[in-house]
Structures are given as C-alpha cells and as structure tokens.
$ cat structure19.txt   # compact mmCIF, C-alpha atoms
# COMPACT_ATOMS: atom_id res chain seq x y z
CA MET A 27 178.66 259.45 55.50
CA ALA A 28 177.48 256.01 56.46
CA THR A 29 178.75 254.71 59.78
CA LYS A 30 181.39 252.03 59.49
CA LYS A 31 182.47 249.45 61.99
CA PHE A 32 186.05 250.14 63.02
CA MET A 33 188.04 247.53 64.93
CA TYR A 34 191.31 248.44 66.61
CA VAL A 35 193.40 245.36 67.39
CA ASN A 36 195.97 245.81 70.18
CA ARG A 37 198.64 243.13 70.52
CA ARG A 38 201.55 244.93 72.23
CA ALA A 39 202.42 245.59 75.86
CA PRO A 40 202.54 249.24 76.96
CA TYR A 41 205.77 251.24 77.54
CA GLY A 42 208.25 248.82 75.93
CA THR A 43 207.17 250.15 72.54
CA ILE A 44 205.03 253.11 71.49
CA TYR A 45 202.30 251.00 69.81
CA ALA A 46 199.85 251.00 72.73
CA TRP A 47 199.93 254.73 73.22
CA GLU A 48 199.72 255.44 69.48
CA ALA A 49 196.71 253.13 69.19
CA LEU A 50 194.94 255.00 71.97
CA GLU A 51 195.56 258.33 70.25
CA VAL A 52 194.19 257.02 66.96
CA VAL A 53 191.14 255.54 68.69
CA LEU A 54 190.31 258.87 70.32
CA ILE A 55 190.69 260.72 67.01
CA GLY A 56 188.57 258.12 65.22
CA ALA A 57 185.90 258.32 67.90
CA ALA A 58 185.41 262.00 67.09
CA PHE A 59 184.17 260.98 63.63
CA GLU A 60 181.25 259.07 65.15
CA GLN A 61 182.06 255.68 63.73
CA ASP A 62 181.07 252.41 65.37
CA VAL A 63 184.31 251.74 67.23
CA SER A 64 185.45 248.52 68.90
CA LEU A 65 188.74 247.67 70.55
CA ALA A 66 190.27 244.23 70.92
CA PHE A 67 193.07 243.28 73.27
CA VAL A 68 194.92 240.14 72.21
CA ASP A 69 198.29 238.59 73.14
CA ASP A 70 200.50 241.09 75.03
CA GLY A 71 197.86 243.75 74.34
CA VAL A 72 195.95 242.55 77.41
CA PHE A 73 198.76 244.00 79.56
CA GLN A 74 197.67 247.50 78.47
CA LEU A 75 194.56 247.26 80.63
CA MET A 76 196.25 246.17 83.87
CA LYS A 77 195.20 248.26 86.84
CA GLY A 78 197.57 249.97 89.24
CA GLN A 79 200.09 251.15 86.66
CA ASP A 80 202.53 253.66 88.18
CA THR A 81 205.14 255.03 85.78
CA SER A 82 206.68 257.53 88.19
CA GLY A 83 209.85 255.43 88.35
CA ILE A 84 210.48 255.14 84.60
CA ASP A 85 210.02 258.75 83.49
CA MET A 86 207.22 257.96 81.02
CA LYS A 87 203.63 259.18 80.85
CA ASN A 88 201.12 256.82 82.44
CA PHE A 89 198.44 256.71 79.77
CA SER A 90 196.44 253.89 81.37
CA PRO A 91 193.84 256.28 82.97
CA THR A 92 192.83 257.26 79.43
CA TYR A 93 191.17 253.88 78.86
CA SER A 94 188.54 254.79 81.45
CA ALA A 95 187.66 257.88 79.35
CA LEU A 96 186.78 255.79 76.28
CA GLY A 97 183.19 255.41 77.45
CA ASP A 98 182.75 259.19 77.25
CA TYR A 99 183.73 258.97 73.58
CA GLU A 100 181.06 256.33 73.03
CA VAL A 101 183.68 253.61 72.72
CA THR A 102 181.78 250.97 74.64
CA LYS A 103 182.87 247.68 73.08
CA ILE A 104 186.19 246.52 74.46
CA TYR A 105 186.93 242.89 73.71
CA VAL A 106 189.53 241.03 75.79
CA GLU A 107 190.63 237.63 74.56
CA LYS A 108 190.28 235.02 77.29
CA GLU A 109 193.09 232.73 76.09
CA SER A 110 195.61 235.60 76.11
CA LEU A 111 194.66 236.59 79.66
CA GLU A 112 194.91 233.06 81.00
CA GLU A 113 198.24 232.30 79.35
CA ARG A 114 199.66 235.34 81.15
CA GLY A 115 198.36 234.36 84.59
CA LEU A 116 195.74 237.13 84.61
CA THR A 117 192.01 237.35 85.23
CA LEU A 118 189.52 240.16 84.66
CA ASP A 119 190.18 241.23 88.27
CA ASP A 120 193.69 242.26 87.24
CA LEU A 121 192.31 244.68 84.65
CA GLN A 122 190.77 248.10 85.05
CA HIS A 123 187.01 248.15 85.48
CA LEU A 124 185.90 250.07 82.40
CA VAL A 125 182.33 251.32 82.14
CA TRP A 126 180.10 253.52 79.99
CA GLU A 127 176.81 255.28 80.66
CA ASP A 128 173.86 254.22 78.53
CA GLU A 129 171.76 257.28 77.72
CA ASP A 130 168.95 255.05 76.41
CA ASP A 131 168.74 253.32 79.79
CA ASP A 132 168.61 256.29 82.20
CA TRP A 133 172.40 256.64 82.08
CA ALA A 134 172.88 253.24 83.67
CA GLU A 135 176.52 252.34 84.11
CA LYS A 136 177.47 249.31 82.05
CA ASP A 137 180.63 247.26 81.64
CA SER A 138 182.67 248.03 78.53
CA ILE A 139 184.90 244.97 78.71
CA ARG A 140 183.63 241.81 77.05
CA LEU A 141 185.65 238.70 77.82
CA VAL A 142 185.55 236.54 74.69
CA SER A 143 187.22 233.40 73.42
CA ARG A 144 189.54 233.43 70.43
CA ALA A 145 186.83 231.84 68.30
CA GLU A 146 184.25 234.41 69.43
CA LEU A 147 186.61 237.27 68.68
CA ALA A 148 187.23 235.87 65.21
CA GLU A 149 183.46 236.12 64.67
CA VAL A 150 183.50 239.73 65.85
CA PHE A 151 186.36 240.48 63.45
CA ALA A 152 184.35 238.99 60.61
CA GLY A 153 181.57 241.50 61.19
CA GLN A 154 183.80 244.60 60.96
CA ASP A 155 184.27 246.94 58.02
CA VAL A 156 187.77 248.22 58.77
CA MET A 157 190.63 246.79 60.85
CA PHE A 158 193.37 248.88 62.46
CA ASN A 159 196.35 246.98 63.80
CA PHE A 160 198.76 247.97 66.55
CA MET B 27 233.92 234.88 84.62
CA SER B 28 230.36 235.68 85.64
CA ILE B 29 227.84 237.19 83.29
CA LEU B 30 224.83 239.39 84.05
CA HIS B 31 222.18 238.38 81.52
CA ILE B 32 219.80 241.28 80.87
CA VAL B 33 216.48 240.78 79.07
CA ASN B 34 214.05 243.54 78.05
CA LYS B 35 211.58 241.73 75.77
CA SER B 36 208.25 240.16 76.69
CA PRO B 37 208.58 236.38 77.12
CA TYR B 38 205.24 236.07 75.31
CA GLU B 39 206.47 237.83 72.18
CA ARG B 40 210.13 236.85 71.88
CA ASN B 41 212.28 233.93 73.00
CA SER B 42 214.82 236.21 74.74
CA VAL B 43 213.96 235.17 78.30
CA GLU B 44 213.97 231.50 77.34
CA ARG B 45 217.30 231.75 75.56
CA ALA B 46 218.94 233.80 78.32
CA VAL B 47 217.94 231.18 80.88
CA GLU B 48 219.45 228.45 78.72
CA TYR B 49 222.75 230.34 78.72
CA LEU B 50 222.79 230.88 82.50
CA ARG B 51 225.77 229.21 84.19
CA ASP B 52 226.68 228.88 87.87
CA GLY B 53 227.59 232.32 89.20
CA ASP B 54 225.69 234.15 86.46
CA ARG B 55 222.69 236.37 87.21
CA LEU B 56 219.52 237.08 85.24
CA LEU B 57 217.99 240.58 85.31
CA LEU B 58 214.57 241.27 83.82
CA ILE B 59 213.78 244.83 82.77
CA GLU B 60 211.14 246.62 80.65
CA ASP B 61 208.71 244.15 79.01
CA ALA B 62 210.67 241.14 80.29
CA VAL B 63 209.26 241.79 83.77
CA TYR B 64 205.98 240.15 82.67
CA ALA B 65 207.78 236.82 83.14
CA VAL B 66 207.38 237.07 86.93
CA ILE B 67 203.57 236.87 87.01
CA ARG B 68 202.43 233.82 88.95
CA GLY B 69 200.28 231.50 86.88
CA GLY B 70 201.68 232.84 83.63
CA LYS B 71 203.23 230.36 81.22
CA ALA B 72 206.55 232.23 81.23
CA ALA B 73 206.99 232.03 85.01
CA SER B 74 208.22 228.45 84.77
CA LEU B 75 211.15 229.64 82.64
CA ILE B 76 212.64 231.73 85.44
CA ASP B 77 211.41 229.88 88.53
CA GLY B 78 214.35 228.86 90.74
CA ARG B 79 216.86 230.83 88.66
CA ASN B 80 217.62 233.51 91.28
CA ALA B 81 216.30 236.14 88.86
CA ALA B 82 216.33 239.85 89.63
CA VAL B 83 213.69 242.23 88.31
CA LEU B 84 213.67 246.02 88.03
CA GLY B 85 211.09 247.45 90.46
CA PRO B 86 210.22 250.65 88.57
CA ASP B 87 209.38 248.57 85.48
CA LEU B 88 207.13 246.31 87.57
CA ALA B 89 205.30 249.32 89.01
CA ALA B 90 204.85 250.95 85.60
CA ARG B 91 203.12 247.80 84.37
CA GLY B 92 200.90 247.37 87.41
CA ILE B 93 202.50 244.14 88.59
CA ALA B 94 202.03 244.05 92.37
CA GLU B 95 204.27 241.98 94.61
CA GLU B 96 201.49 239.48 95.33
CA LYS B 97 201.25 238.75 91.59
CA MET B 98 204.86 237.57 91.51
CA ILE B 99 206.29 234.10 91.89
CA ASP B 100 208.51 233.54 94.94
CA GLY B 101 212.28 233.82 94.87
CA ILE B 102 212.54 236.93 92.69
CA GLU B 103 214.81 239.75 93.85
CA VAL B 104 213.31 243.19 93.18
CA VAL B 105 215.99 245.82 92.58
CA ASP B 106 215.96 249.57 91.97
CA TYR B 107 218.30 251.40 89.59
CA ALA B 108 221.08 251.40 92.20
CA GLY B 109 220.60 247.64 92.55
CA PHE B 110 220.85 247.35 88.75
CA VAL B 111 224.26 249.05 88.97
CA ASP B 112 225.28 246.76 91.83
CA LEU B 113 224.50 243.71 89.69
CA VAL B 114 226.52 245.09 86.78
CA GLU B 115 229.39 245.69 89.17
CA ALA B 116 229.14 242.28 90.79
CA CYS B 117 229.40 240.43 87.47
CA ASP B 118 232.42 240.43 85.20
CA LYS B 119 230.45 241.34 82.09
CA THR B 120 226.93 241.78 80.76
CA GLN B 121 225.05 240.11 77.95
CA SER B 122 221.89 241.85 76.72
CA TRP B 123 219.39 239.53 75.03
CA LEU B 124 217.80 242.13 72.75

$ encode --input "structure19.txt" --output "structure tokens"
Amino acid sequence: MATKKFMYVNRRAPYGTIYAWEALEVVLIGAAFEQDVSLAFVDDGVFQLMKGQDTSGIDMKNFSPTYSALGDYEVTKIYVEKESLEERGLTLDDLQHLVWEDEDDDWAEKDSIRLVSRAELAEVFAGQDVMFNF
Amino acid sequence: MSILHIVNKSPYERNSVERAVEYLRDGDRLLLIEDAVYAVIRGGKAASLIDGRNAAVLGPDLAARGIAEEKMIDGIEVVDYAGFVDLVEACDKTQSWL
C-alpha cells in the first residue's frame, strides 16, 4: 500500500469536549499503519499543547503527556498556527517542548513543533492526501 | 435580585462570555468554569471582555488547562468548588450561558 499523507486538524480545547482526546487516539492508531502523519493545531486546538496541565482537581484523565510520545510513533510534524497562538495570548514557551529522534542523523533530538502562519498552513494542507478533522 | 452568571464555553469559540458580561448588572457576579477559563489569559483577545468585571474563575479548571497564576490578568478571584457553592449561595439566582 502506497504511503499517504494524513493531516489531523485539531481545533478544539481539551477537556470541555472529547474531541481532543479522540483525535489523539485516532492519530496513534493511524500511526501504526505507517502513513505520513501530520498534526495541525488551529484556533482553540492550540490549548491542547499547553504545558503544566494538572487534571487532578476535575476528575478527568490528563492526556497531555501523550503528545510527547508522538515522536516515538514517527509523528514528527506538528504544525501550530501562529495567529491562533497570538490571539490567545500564548507563545511557543507556553506549549510543551515536543521532540523526536532522527535515526538518520545519529538519533539527534529534533523539534516536532513547527510554528507556521495561516497562509503557510494552508499550503501544507494543499499538499496532503487525506484530512481528518476534530 | 442578584444573579450569578456562569459561563463554561471558550470565549474564542462562542459568544457566551461576551453576552454574559453584557448582562452583568451591579451586584451580579460572573463565574468562569470549564473552557470559559481561557478568558483570563493575559494578552489574549478575550481578556478585555472580563477585565474589571470582578470575575471569579474555578481553580481546578485553570489547573487542568495549564493556566498558571502568572498567565492571568489581575483582579480575578480564583475559587475552589466550595467557593463555587458560596457564590451560588451569595446570589439570588444563577444564569448559565450555555
């Protein structure tokens, strides 16, 4: 089976609805099929990646540590839309530092997050084969 | 007759925070819970909606979303679940902006 380019578009905040968690589950399942997977975080989706999440007070599972495991599943392209971050008073420093290890470069640790403009992300979307929306 | 206005939707996805603030009268209180807590982030567009409105915000929902105290605008009262109950008790009725 030829490899396809899968793009998962995340536009919802975590916890208030189940979309963020469900997206993560689908991404991990999809990654097992060795497709070329990318994730995009747009609008309230950028809140999913905020660091320091502690759900002990709301009786829900904190699934945010799972994002740091994506690199192990060869999910190494995580696009964050700059305009969405800025509108919400956030910078990259407010997000988790996500990395992957490049086996073709002596397992060098590389950043997974790519901060892109809306226009740049539209270009990335254009190059995909399949879009998944959450 | 005071009203506790409760909002649980993100100010960036719905107009619930904005509308609740417009309905605030003297003696009323505004309480942000669940995804509405994103309104307190300093530098965010939504912060201006609630600035100076004596808003309360539910602490456990802030923590779940990784919003540290230093990320918040000034003048926000952080309450726990007991404080939530106190606010309900202190107001004559509640209005939830779903």

$ closest_residue --input "structure19.txt" --among "A:Asp137, A:Asp62, A:Asp131, A:Asp69" --to "chain B" --atoms "only C-alpha atoms"
A:Asp69

$ residues_around --input "structure19.txt" --residues "Glu60 in chain B" --least-positions-apart "5" --cutoff "7 Å" --atoms "only C-alpha atoms" --output "ChimeraX atom specification"
/A:42 /B:34-35,87

$ closest_residue --input "structure19.txt" --among "A:Pro91, A:Pro40, A:Gly153, A:Gly56" --to "chain B" --atoms "only C-alpha atoms"
A:Pro40

$ closest_atom_pairs --input "structure19.txt" --of "chain A" --to "chain B" --cutoff "7 Å" --atoms "all atoms listed in the file" --output "Markdown table"
| residue | atom | partner | partner_atom | distance |
| --- | --- | --- | --- | --- |
| A:Gly42 | CA | B:Asp61 | CA | 5.6 |
| A:Asp70 | CA | B:Tyr38 | CA | 6.9 |
| A:Met76 | CA | B:Gly92 | CA | 6.0 |
| A:Lys77 | CA | B:Gly92 | CA | 5.8 |
| A:Gly78 | CA | B:Gly92 | CA | 4.6 |
| A:Gln79 | CA | B:Gly92 | CA | 3.9 |
| A:Asp80 | CA | B:Ala90 | CA | 4.4 |
| A:Thr81 | CA | B:Ala90 | CA | 4.1 |
| A:Gly83 | CA | B:Pro86 | CA | 4.8 |
| A:Ile84 | CA | B:Pro86 | CA | 6.0 |
| A:Glu113 | CA | B:Gly70 | CA | 5.5 |
| A:Arg114 | CA | B:Gly70 | CA | 4.1 |
| A:Gly115 | CA | B:Gly70 | CA | 3.8 |

$ residues_around --input "structure19.txt" --residues "Ala81 in chain B" --least-positions-apart "5" --cutoff "7 Å" --atoms "all atoms listed in the file" --output "PyMOL selection string"
chain B and resi 55-57+76+102-103

$ write_last_selection --input "structure19.txt" --atoms "C-alpha atoms" --output "compact mmCIF listing (two decimals), keeping the file's coordinate frame"
# COMPACT_ATOMS: atom_id res chain seq x y z
CA ARG B 55 222.69 236.37 87.21
CA LEU B 56 219.52 237.08 85.24
CA LEU B 57 217.99 240.58 85.31
CA ILE B 76 212.64 231.73 85.44
CA ILE B 102 212.54 236.93 92.69
CA GLU B 103 214.81 239.75 93.85

$ closest_residue --input "structure19.txt" --among "A:Glu100, A:Asp128, A:Glu48, A:Asp155" --to "Glu60 in chain A" --atoms "all atoms listed in the file"
A:Glu100

$ atom_distance --input "structure19.txt" --atom1 "CA of Leu50 in chain B" --atom2 "CA of Leu111 in chain A"
28.8 Å

$ atom_distance --input "structure19.txt" --atom1 "CA of Leu58 in chain B" --atom2 "CA of Ala82 in chain B"
6.2 Å

$ residues_around --input "structure19.txt" --residues "Met27 in chain B" --least-positions-apart "2" --cutoff "10 Å" --atoms "all atoms listed in the file" --output "PyMOL selection string"
chain B and resi 29+51-54+117-119

$ write_last_selection --input "structure19.txt" --atoms "C-alpha atoms" --output "PDB file, in the frame of the given file"
ATOM      1  CA  ILE B  29     227.840 237.190  83.290  1.00  0.00           C
ATOM      2  CA  ARG B  51     225.770 229.210  84.190  1.00  0.00           C
ATOM      3  CA  ASP B  52     226.680 228.880  87.870  1.00  0.00           C
ATOM      4  CA  GLY B  53     227.590 232.320  89.200  1.00  0.00           C
ATOM      5  CA  ASP B  54     225.690 234.150  86.460  1.00  0.00           C
ATOM      6  CA  CYS B 117     229.400 240.430  87.470  1.00  0.00           C
ATOM      7  CA  ASP B 118     232.420 240.430  85.200  1.00  0.00           C
ATOM      8  CA  LYS B 119     230.450 241.340  82.090  1.00  0.00           C
TER       9      LYS B 119
END

$ residues_around --input "structure19.txt" --residues "Glu115 in chain B" --least-positions-apart "4" --cutoff "12 Å" --atoms "all atoms listed in the file" --output "ChimeraX atom specification"
/B:28-30,55,108-111,119-120

$ atom_distance --input "structure19.txt" --atom1 "CA of Phe59 in chain A" --atom2 "CA of Met33 in chain A"
14.1 Å

$ closest_residue --input "structure19.txt" --among "A:Phe73, A:Tyr93, A:Tyr99, A:Phe160" --to "Ala58 in chain A" --atoms "only C-alpha atoms"
A:Tyr99

$ axis_aligned_box --input "structure19.txt" --around "range 133-148 of chain A" --padding-each-side "8 Å" --output "AutoDock Vina command-line options"
--center_x 181.0 --center_y 244.2 --center_z 74.7 --size_x 33.1 --size_y 40.8 --size_z 34.9

$ decode --input "structure19.txt" --residues "chain B" --atoms "C-alpha atoms" --output "PDB file, in the first residue's frame"
ATOM      1  CA  MET B  27     -32.092  40.416  42.924  1.00  0.00           C
ATOM      2  CA  SER B  28     -28.509  39.440  42.179  1.00  0.00           C
ATOM      3  CA  ILE B  29     -27.577  36.914  39.548  1.00  0.00           C
ATOM      4  CA  LEU B  30     -24.540  34.623  39.351  1.00  0.00           C
ATOM      5  CA  HIS B  31     -23.696  34.396  35.652  1.00  0.00           C
ATOM      6  CA  ILE B  32     -21.918  31.106  34.902  1.00  0.00           C
ATOM      7  CA  VAL B  33     -20.093  30.522  31.615  1.00  0.00           C
ATOM      8  CA  ASN B  34     -18.476  27.243  30.507  1.00  0.00           C
ATOM      9  CA  LYS B  35     -17.673  27.870  26.826  1.00  0.00           C
ATOM     10  CA  SER B  36     -14.428  29.123  25.309  1.00  0.00           C
ATOM     11  CA  PRO B  37     -14.622  32.857  24.526  1.00  0.00           C
ATOM     12  CA  TYR B  38     -12.775  32.089  21.289  1.00  0.00           C
ATOM     13  CA  GLU B  39     -15.419  29.657  20.045  1.00  0.00           C
ATOM     14  CA  ARG B  40     -18.709  31.041  21.356  1.00  0.00           C
ATOM     15  CA  ASN B  41     -20.040  34.455  22.350  1.00  0.00           C
ATOM     16  CA  SER B  42     -21.176  33.233  25.796  1.00  0.00           C
ATOM     17  CA  VAL B  43     -18.583  35.175  27.806  1.00  0.00           C
ATOM     18  CA  GLU B  44     -19.242  38.326  25.813  1.00  0.00           C
ATOM     19  CA  ARG B  45     -23.003  38.053  26.196  1.00  0.00           C
ATOM     20  CA  ALA B  46     -22.834  37.226  29.912  1.00  0.00           C
ATOM     21  CA  VAL B  47     -20.722  40.319  30.524  1.00  0.00           C
ATOM     22  CA  GLU B  48     -23.256  42.447  28.669  1.00  0.00           C
ATOM     23  CA  TYR B  49     -25.969  41.177  31.006  1.00  0.00           C
ATOM     24  CA  LEU B  50     -23.968  41.830  34.192  1.00  0.00           C
ATOM     25  CA  ARG B  51     -25.643  44.373  36.480  1.00  0.00           C
ATOM     26  CA  ASP B  52     -24.460  45.946  39.735  1.00  0.00           C
ATOM     27  CA  GLY B  53     -24.391  43.263  42.420  1.00  0.00           C
ATOM     28  CA  ASP B  54     -24.182  40.416  39.907  1.00  0.00           C
ATOM     29  CA  ARG B  55     -21.165  38.104  39.720  1.00  0.00           C
ATOM     30  CA  LEU B  56     -19.507  36.349  36.781  1.00  0.00           C
ATOM     31  CA  LEU B  57     -18.051  32.856  37.240  1.00  0.00           C
ATOM     32  CA  LEU B  58     -15.930  31.226  34.545  1.00  0.00           C
ATOM     33  CA  ILE B  59     -15.685  27.439  34.521  1.00  0.00           C
ATOM     34  CA  GLU B  60     -14.513  24.710  32.108  1.00  0.00           C
ATOM     35  CA  ASP B  61     -13.432  26.156  28.736  1.00  0.00           C
ATOM     36  CA  ALA B  62     -14.520  29.676  29.717  1.00  0.00           C
ATOM     37  CA  VAL B  63     -11.442  29.917  31.961  1.00  0.00           C
ATOM     38  CA  TYR B  64      -9.321  30.618  28.859  1.00  0.00           C
ATOM     39  CA  ALA B  65     -10.713  34.172  29.015  1.00  0.00           C
ATOM     40  CA  VAL B  66      -8.348  35.037  31.888  1.00  0.00           C
ATOM     41  CA  ILE B  67      -5.096  34.665  29.925  1.00  0.00           C
ATOM     42  CA  ARG B  68      -3.214  37.960  29.835  1.00  0.00           C
ATOM     43  CA  GLY B  69      -2.586  39.176  26.313  1.00  0.00           C
ATOM     44  CA  GLY B  70      -5.448  37.131  24.922  1.00  0.00           C
ATOM     45  CA  LYS B  71      -8.135  38.957  22.972  1.00  0.00           C
ATOM     46  CA  ALA B  72     -10.873  37.709  25.321  1.00  0.00           C
ATOM     47  CA  ALA B  73      -9.235  39.119  28.462  1.00  0.00           C
ATOM     48  CA  SER B  74     -10.532  42.596  27.680  1.00  0.00           C
ATOM     49  CA  LEU B  75     -14.106  41.275  27.908  1.00  0.00           C
ATOM     50  CA  ILE B  76     -13.789  40.396  31.582  1.00  0.00           C
ATOM     51  CA  ASP B  77     -11.170  42.896  32.767  1.00  0.00           C
ATOM     52  CA  GLY B  78     -12.515  44.979  35.667  1.00  0.00           C
ATOM     53  CA  ARG B  79     -15.672  42.868  35.990  1.00  0.00           C
ATOM     54  CA  ASN B  80     -14.814  41.271  39.349  1.00  0.00           C
ATOM     55  CA  ALA B  81     -14.891  37.857  37.658  1.00  0.00           C
ATOM     56  CA  ALA B  82     -14.370  34.611  39.549  1.00  0.00           C
ATOM     57  CA  VAL B  83     -12.749  31.566  37.960  1.00  0.00           C
ATOM     58  CA  LEU B  84     -12.738  27.920  39.024  1.00  0.00           C
ATOM     59  CA  GLY B  85      -9.208  26.931  40.101  1.00  0.00           C
ATOM     60  CA  PRO B  86      -9.368  23.209  39.251  1.00  0.00           C
ATOM     61  CA  ASP B  87     -10.383  24.085  35.678  1.00  0.00           C
ATOM     62  CA  LEU B  88      -7.450  26.514  35.406  1.00  0.00           C
ATOM     63  CA  ALA B  89      -5.024  23.844  36.629  1.00  0.00           C
ATOM     64  CA  ALA B  90      -6.396  21.204  34.265  1.00  0.00           C
ATOM     65  CA  ARG B  91      -5.716  23.518  31.334  1.00  0.00           C
ATOM     66  CA  GLY B  92      -2.230  24.518  32.443  1.00  0.00           C
ATOM     67  CA  ILE B  93      -3.075  28.162  33.099  1.00  0.00           C
ATOM     68  CA  ALA B  94      -0.666  29.334  35.803  1.00  0.00           C
ATOM     69  CA  GLU B  95      -1.440  32.307  38.020  1.00  0.00           C
ATOM     70  CA  GLU B  96       1.197  34.460  36.311  1.00  0.00           C
ATOM     71  CA  LYS B  97      -0.618  33.959  32.984  1.00  0.00           C
ATOM     72  CA  MET B  98      -3.763  35.583  34.375  1.00  0.00           C
ATOM     73  CA  ILE B  99      -4.892  39.184  34.225  1.00  0.00           C
ATOM     74  CA  ASP B 100      -5.166  40.980  37.575  1.00  0.00           C
ATOM     75  CA  GLY B 101      -8.378  41.270  39.544  1.00  0.00           C
ATOM     76  CA  ILE B 102      -9.639  37.718  39.025  1.00  0.00           C
ATOM     77  CA  GLU B 103     -10.834  35.769  42.058  1.00  0.00           C
ATOM     78  CA  VAL B 104      -9.800  32.104  41.934  1.00  0.00           C
ATOM     79  CA  VAL B 105     -12.285  29.857  43.733  1.00  0.00           C
ATOM     80  CA  ASP B 106     -12.443  26.141  44.507  1.00  0.00           C
ATOM     81  CA  TYR B 107     -15.620  24.041  44.454  1.00  0.00           C
ATOM     82  CA  ALA B 108     -16.578  25.270  47.939  1.00  0.00           C
ATOM     83  CA  GLY B 109     -16.127  28.835  46.686  1.00  0.00           C
ATOM     84  CA  PHE B 110     -18.376  27.984  43.724  1.00  0.00           C
ATOM     85  CA  VAL B 111     -21.076  26.968  46.218  1.00  0.00           C
ATOM     86  CA  ASP B 112     -20.501  30.150  48.225  1.00  0.00           C
ATOM     87  CA  LEU B 113     -21.091  32.242  45.096  1.00  0.00           C
ATOM     88  CA  VAL B 114     -24.301  30.361  44.311  1.00  0.00           C
ATOM     89  CA  GLU B 115     -25.434  30.964  47.867  1.00  0.00           C
ATOM     90  CA  ALA B 116     -24.482  34.630  47.855  1.00  0.00           C
ATOM     91  CA  CYS B 117     -26.546  35.388  44.741  1.00  0.00           C
ATOM     92  CA  ASP B 118     -30.306  35.150  44.498  1.00  0.00           C
ATOM     93  CA  LYS B 119     -30.261  33.041  41.351  1.00  0.00           C
ATOM     94  CA  THR B 120     -27.982  31.682  38.644  1.00  0.00           C
ATOM     95  CA  GLN B 121     -27.955  32.102  34.895  1.00  0.00           C
ATOM     96  CA  SER B 122     -25.874  29.620  32.902  1.00  0.00           C
ATOM     97  CA  TRP B 123     -24.758  30.896  29.497  1.00  0.00           C
ATOM     98  CA  LEU B 124     -24.529  27.514  27.765  1.00  0.00           C
TER      99      LEU B 124
END
